[in-house]
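*Asks:* Take a look at this one; I'll ask things after.
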Amino acid sequence: MQRLSIMIDVAYALEYLHHGCSFPVIHRDLKPSNVLLDEDMVSNLRDFEYGRDRFVSTKCDVYSYGIILMETFIRRKPNDEMFKGDVRLKQWVSNSLLEAVMNIVDVNLITPTENRL
């Protein structure tokens, strides 16, 4: 449940950056290592990349957030051994969703706290 809470914090941070500021702030380097936890286990984003390119969009942050969500739920990284060759994380998850979502979700997210690994 803690990982889910962290991902919700990140979503709120992105929503604020993209829509709560006087002009959209784009992170441009959203990845797990740029999500830090403070002493109260609240997520914070770090290492923003500055860019003046007028073609940059909030869509790059949304895409990266989706990849982080996939990593969180299946507990694998895009460079995992199983994603070599033609198979990529996004493709693997998409194909797996068609088969059975329960086969790819981390068991710790769906079991009671006392039964977690």
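The chains in the structure tokens are called A, B, ... from first to last as shown; in each chain the residues are counted from 1, and the ligands are counted from 1 in the order shown.
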Please provide the set of residues having any atom within 12 Å of A:Asn44, restricted to only C-alpha atoms, with same-chain residues fewer than 4 positions apart removed, written as a VMD selection string.
*Replies:* chain A and resid 6 to 14 30 to 40 48
*Asks:* Would you pick out the contacts of A:Val56 at 12 Å or less, using only C-alpha atoms, so that residues sharing its chain but fewer than 6 positions from it are not included, and give the list as a list in words?
*Replies:*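 My list of contacting residues is Pro24, Val25, Ile26, His27, Arg28, Glu49 and Tyr50 of chain A.
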*Asks:* Can you check which residues of stretch 17-71 of chain A DSSP gives as helix (DSSP H, G or I) on the backbone and send them as an NGL selection string?
*Replies:* :A and (17-20 or 32-34 or 59-71)
*Asks:* Would you save the residues from that selection as an mmCIF file, in the first residue's frame, using N, CA, C and O atoms?
*Replies:*
data_model
loop_
_atom_site.group_PDB
_atom_site.id
_atom_site.type_symbol
_atom_site.label_atom_id
_atom_site.label_comp_id
_atom_site.auth_asym_id
_atom_site.auth_seq_id
_atom_site.Cartn_x
_atom_site.Cartn_y
_atom_site.Cartn_z
ATOM 1 N N LEU A 17 2.508 20.809 -10.784
ATOM 2 C CA LEU A 17 3.497 21.396 -11.688
ATOM 3 C C LEU A 17 2.890 21.751 -13.042
ATOM 4 O O LEU A 17 3.192 22.793 -13.616
ATOM 5 N N HIS A 18 2.036 20.880 -13.553
ATOM 6 C CA HIS A 18 1.461 21.079 -14.885
ATOM 7 C C HIS A 18 0.280 22.050 -14.904
ATOM 8 O O HIS A 18 0.071 22.741 -15.897
ATOM 9 N N HIS A 19 -0.492 22.098 -13.808
ATOM 10 C CA HIS A 19 -1.734 22.886 -13.829
ATOM 11 C C HIS A 19 -1.873 23.884 -12.685
ATOM 12 O O HIS A 19 -2.721 24.766 -12.755
ATOM 13 N N GLY A 20 -1.083 23.751 -11.630
ATOM 14 C CA GLY A 20 -1.239 24.611 -10.462
ATOM 15 C C GLY A 20 -0.325 25.819 -10.426
ATOM 16 O O GLY A 20 -0.493 26.698 -9.585
ATOM 17 N N PRO A 32 12.279 6.655 -11.224
ATOM 18 C CA PRO A 32 12.246 6.279 -9.807
ATOM 19 C C PRO A 32 13.341 6.932 -8.958
ATOM 20 O O PRO A 32 13.089 7.313 -7.827
ATOM 21 N N SER A 33 14.538 7.069 -9.497
ATOM 22 C CA SER A 33 15.626 7.643 -8.696
ATOM 23 C C SER A 33 15.436 9.135 -8.424
ATOM 24 O O SER A 33 16.134 9.703 -7.591
ATOM 25 N N ASN A 34 14.486 9.782 -9.103
ATOM 26 C CA ASN A 34 14.193 11.196 -8.858
ATOM 27 C C ASN A 34 12.965 11.394 -7.977
ATOM 28 O O ASN A 34 12.457 12.501 -7.851
ATOM 29 N N LYS A 59 3.290 16.074 -21.797
ATOM 30 C CA LYS A 59 3.088 14.675 -22.186
ATOM 31 C C LYS A 59 4.306 13.806 -21.882
ATOM 32 O O LYS A 59 4.167 12.627 -21.578
ATOM 33 N N CYS A 60 5.508 14.372 -21.938
ATOM 34 C CA CYS A 60 6.705 13.578 -21.631
ATOM 35 C C CYS A 60 6.695 13.143 -20.167
ATOM 36 O O CYS A 60 7.059 12.011 -19.849
ATOM 37 N N ASP A 61 6.230 14.017 -19.259
ATOM 38 C CA ASP A 61 6.124 13.645 -17.856
ATOM 39 C C ASP A 61 5.037 12.602 -17.638
ATOM 40 O O ASP A 61 5.208 11.672 -16.849
ATOM 41 N N VAL A 62 3.927 12.741 -18.333
ATOM 42 C CA VAL A 62 2.819 11.789 -18.190
ATOM 43 C C VAL A 62 3.251 10.408 -18.667
ATOM 44 O O VAL A 62 2.976 9.388 -18.021
ATOM 45 N N TYR A 63 3.964 10.348 -19.785
ATOM 46 C CA TYR A 63 4.465 9.069 -20.296
ATOM 47 C C TYR A 63 5.429 8.431 -19.284
ATOM 48 O O TYR A 63 5.313 7.253 -18.962
ATOM 49 N N SER A 64 6.368 9.229 -18.779
ATOM 50 C CA SER A 64 7.342 8.714 -17.810
ATOM 51 C C SER A 64 6.646 8.236 -16.540
ATOM 52 O O SER A 64 7.035 7.218 -15.957
ATOM 53 N N TYR A 65 5.616 8.943 -16.112
ATOM 54 C CA TYR A 65 4.855 8.527 -14.939
ATOM 55 C C TYR A 65 4.203 7.166 -15.195
ATOM 56 O O TYR A 65 4.207 6.292 -14.327
ATOM 57 N N GLY A 66 3.685 6.959 -16.382
ATOM 58 C CA GLY A 66 3.094 5.666 -16.737
ATOM 59 C C GLY A 66 4.111 4.536 -16.670
ATOM 60 O O GLY A 66 3.816 3.441 -16.184
ATOM 61 N N ILE A 67 5.316 4.793 -17.134
ATOM 62 C CA ILE A 67 6.377 3.781 -17.063
ATOM 63 C C ILE A 67 6.710 3.476 -15.608
ATOM 64 O O ILE A 67 6.854 2.310 -15.222
ATOM 65 N N ILE A 68 6.807 4.509 -14.766
ATOM 66 C CA ILE A 68 7.079 4.291 -13.343
ATOM 67 C C ILE A 68 5.955 3.477 -12.709
ATOM 68 O O ILE A 68 6.201 2.593 -11.888
ATOM 69 N N LEU A 69 4.706 3.768 -13.077
ATOM 70 C CA LEU A 69 3.579 2.988 -12.553
ATOM 71 C C LEU A 69 3.721 1.517 -12.926
ATOM 72 O O LEU A 69 3.514 0.633 -12.086
ATOM 73 N N MET A 70 4.068 1.253 -14.182
ATOM 74 C CA MET A 70 4.241 -0.139 -14.606
ATOM 75 C C MET A 70 5.357 -0.803 -13.799
ATOM 76 O O MET A 70 5.212 -1.934 -13.341
ATOM 77 N N GLU A 71 6.478 -0.095 -13.626
ATOM 78 C CA GLU A 71 7.583 -0.641 -12.832
ATOM 79 C C GLU A 71 7.131 -0.946 -11.405
ATOM 80 O O GLU A 71 7.502 -1.972 -10.833
#
*Asks:* To test your reading of the structure, identify every residue in stretch 18-108 of chain A that backbone DSSP assigns to strand (DSSP E or B), and report it as JSON, numbers by chain.
*Replies:* {"A": [35, 36, 37, 43, 44, 45]}
*Asks:* Using only C-alpha atoms for the distances, tell me which of A:Phe83, A:Tyr16, A:Phe73, A:Phe55 is nearest to A:Val105.
*Replies:*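 Once distances to A:Val105 are computed over only C-alpha atoms, the minimum belongs to A:Phe73.
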*Asks:* Could you check how far atom CA of A:Gln2 sits from atom CA of A:Leu109, in Å to one decimal?
*Replies:*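 Atom-to-atom, atom CA of A:Gln2 to atom CA of A:Leu109, that is 9.2 Å.
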*Asks:* State, in Å with one decimal place, the distance from atom CA of A:Ile104 to atom CA of A:Val42.
*Replies:*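 Those two atoms sit 26.6 Å apart.
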*Asks:* Using only C-alpha atoms, which protein or nucleic acid residues come within 12 Å of A:Ser96? Drop anything in the same chain fewer than 5 positions from it, and give the result as a PyMOL selection string.
*Replies:* chain A and resi 70+74+87-91+101-105
*Asks:* Can you spit out the residues from that selection as an mmCIF file, in the first residue's frame, using all heavy atoms?
*Replies:*
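Contents of out12.cif, freshly written:
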data_model
loop_
_atom_site.group_PDB
_atom_site.id
_atom_site.type_symbol
_atom_site.label_atom_id
_atom_site.label_comp_id
_atom_site.auth_asym_id
_atom_site.auth_seq_id
_atom_site.Cartn_x
_atom_site.Cartn_y
_atom_site.Cartn_z
ATOM 1 N N MET A 70 4.068 1.253 -14.182
ATOM 2 C CA MET A 70 4.241 -0.139 -14.606
ATOM 3 C C MET A 70 5.357 -0.803 -13.799
ATOM 4 O O MET A 70 5.212 -1.934 -13.341
ATOM 5 C CB MET A 70 4.531 -0.220 -16.102
ATOM 6 C CG MET A 70 3.302 0.005 -16.955
ATOM 7 S SD MET A 70 3.589 -0.323 -18.702
ATOM 8 C CE MET A 70 4.246 1.235 -19.244
ATOM 9 N N ILE A 74 4.586 -4.116 -11.375
ATOM 10 C CA ILE A 74 5.110 -5.446 -11.724
ATOM 11 C C ILE A 74 6.472 -5.721 -11.091
ATOM 12 O O ILE A 74 6.998 -6.816 -11.215
ATOM 13 C CB ILE A 74 5.179 -5.654 -13.249
ATOM 14 C CG1 ILE A 74 6.208 -4.733 -13.896
ATOM 15 C CG2 ILE A 74 3.812 -5.503 -13.879
ATOM 16 C CD1 ILE A 74 6.480 -5.058 -15.334
ATOM 17 N N VAL A 87 11.002 -7.655 -27.096
ATOM 18 C CA VAL A 87 10.021 -7.418 -26.036
ATOM 19 C C VAL A 87 10.450 -6.224 -25.183
ATOM 20 O O VAL A 87 11.574 -6.151 -24.725
ATOM 21 C CB VAL A 87 9.875 -8.670 -25.141
ATOM 22 C CG1 VAL A 87 8.879 -8.410 -24.025
ATOM 23 C CG2 VAL A 87 9.446 -9.865 -25.965
ATOM 24 N N ARG A 88 9.548 -5.286 -25.003
ATOM 25 C CA ARG A 88 9.777 -4.106 -24.171
ATOM 26 C C ARG A 88 8.755 -4.102 -23.042
ATOM 27 O O ARG A 88 7.700 -4.716 -23.137
ATOM 28 C CB ARG A 88 9.644 -2.820 -24.993
ATOM 29 C CG ARG A 88 10.635 -2.733 -26.140
ATOM 30 C CD ARG A 88 12.023 -2.401 -25.595
ATOM 31 N NE ARG A 88 12.987 -2.282 -26.667
ATOM 32 C CZ ARG A 88 14.003 -3.100 -26.828
ATOM 33 N NH1 ARG A 88 14.188 -4.099 -26.023
ATOM 34 N NH2 ARG A 88 14.848 -2.929 -27.803
ATOM 35 N N LEU A 89 9.062 -3.370 -21.974
ATOM 36 C CA LEU A 89 8.188 -3.315 -20.803
ATOM 37 C C LEU A 89 6.754 -2.960 -21.183
ATOM 38 O O LEU A 89 5.809 -3.669 -20.830
ATOM 39 C CB LEU A 89 8.729 -2.292 -19.792
ATOM 40 C CG LEU A 89 7.845 -1.989 -18.590
ATOM 41 C CD1 LEU A 89 7.785 -3.190 -17.661
ATOM 42 C CD2 LEU A 89 8.354 -0.772 -17.841
ATOM 43 N N LYS A 90 6.574 -1.878 -21.894
ATOM 44 C CA LYS A 90 5.228 -1.416 -22.261
ATOM 45 C C LYS A 90 4.496 -2.478 -23.071
ATOM 46 O O LYS A 90 3.318 -2.768 -22.826
ATOM 47 C CB LYS A 90 5.322 -0.110 -23.040
ATOM 48 C CG LYS A 90 3.994 0.479 -23.384
ATOM 49 C CD LYS A 90 4.169 1.773 -24.153
ATOM 50 C CE LYS A 90 2.842 2.235 -24.677
ATOM 51 N NZ LYS A 90 2.971 3.123 -25.786
ATOM 52 N N GLN A 91 5.165 -3.073 -24.023
ATOM 53 C CA GLN A 91 4.563 -4.113 -24.864
ATOM 54 C C GLN A 91 4.219 -5.346 -24.033
ATOM 55 O O GLN A 91 3.150 -5.917 -24.169
ATOM 56 C CB GLN A 91 5.521 -4.487 -25.991
ATOM 57 C CG GLN A 91 5.032 -5.620 -26.858
ATOM 58 C CD GLN A 91 6.119 -6.106 -27.811
ATOM 59 O OE1 GLN A 91 7.262 -5.690 -27.724
ATOM 60 N NE2 GLN A 91 5.751 -6.994 -28.695
ATOM 61 N N VAL A 101 -4.443 -9.844 -15.782
ATOM 62 C CA VAL A 101 -3.744 -8.833 -15.010
ATOM 63 C C VAL A 101 -3.170 -9.418 -13.719
ATOM 64 O O VAL A 101 -2.121 -8.994 -13.245
ATOM 65 C CB VAL A 101 -4.659 -7.623 -14.730
ATOM 66 C CG1 VAL A 101 -5.724 -7.959 -13.694
ATOM 67 C CG2 VAL A 101 -3.837 -6.418 -14.303
ATOM 68 N N MET A 102 -3.805 -10.403 -13.164
ATOM 69 C CA MET A 102 -3.329 -10.979 -11.909
ATOM 70 C C MET A 102 -1.990 -11.703 -12.060
ATOM 71 O O MET A 102 -1.300 -11.917 -11.075
ATOM 72 C CB MET A 102 -4.364 -11.942 -11.327
ATOM 73 C CG MET A 102 -5.684 -11.262 -10.984
ATOM 74 S SD MET A 102 -5.504 -9.786 -9.959
ATOM 75 C CE MET A 102 -5.095 -10.550 -8.420
ATOM 76 N N ASN A 103 -1.600 -12.045 -13.262
ATOM 77 C CA ASN A 103 -0.317 -12.718 -13.478
ATOM 78 C C ASN A 103 0.867 -11.752 -13.466
ATOM 79 O O ASN A 103 2.002 -12.185 -13.348
ATOM 80 C CB ASN A 103 -0.325 -13.478 -14.803
ATOM 81 C CG ASN A 103 -1.238 -14.681 -14.753
ATOM 82 O OD1 ASN A 103 -1.499 -15.237 -13.689
ATOM 83 N ND2 ASN A 103 -1.742 -15.070 -15.898
ATOM 84 N N ILE A 104 0.603 -10.447 -13.608
ATOM 85 C CA ILE A 104 1.706 -9.498 -13.665
ATOM 86 C C ILE A 104 1.771 -8.580 -12.467
ATOM 87 O O ILE A 104 2.804 -7.996 -12.188
ATOM 88 C CB ILE A 104 1.672 -8.647 -14.950
ATOM 89 C CG1 ILE A 104 0.436 -7.767 -14.993
ATOM 90 C CG2 ILE A 104 1.808 -9.517 -16.176
ATOM 91 C CD1 ILE A 104 0.490 -6.687 -16.032
ATOM 92 N N VAL A 105 0.684 -8.438 -11.720
ATOM 93 C CA VAL A 105 0.669 -7.532 -10.577
ATOM 94 C C VAL A 105 1.489 -8.126 -9.440
ATOM 95 O O VAL A 105 1.422 -9.313 -9.149
ATOM 96 C CB VAL A 105 -0.785 -7.272 -10.125
ATOM 97 C CG1 VAL A 105 -0.811 -6.473 -8.834
ATOM 98 C CG2 VAL A 105 -1.543 -6.541 -11.202
#
*Asks:* Which value, in Å to one decimal, gives the distance between atom CA of A:Ser94 and atom CA of A:Glu81?
*Replies:*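 Spanning atom CA of A:Ser94 to atom CA of A:Glu81 is a straight-line distance of 17.8 Å.
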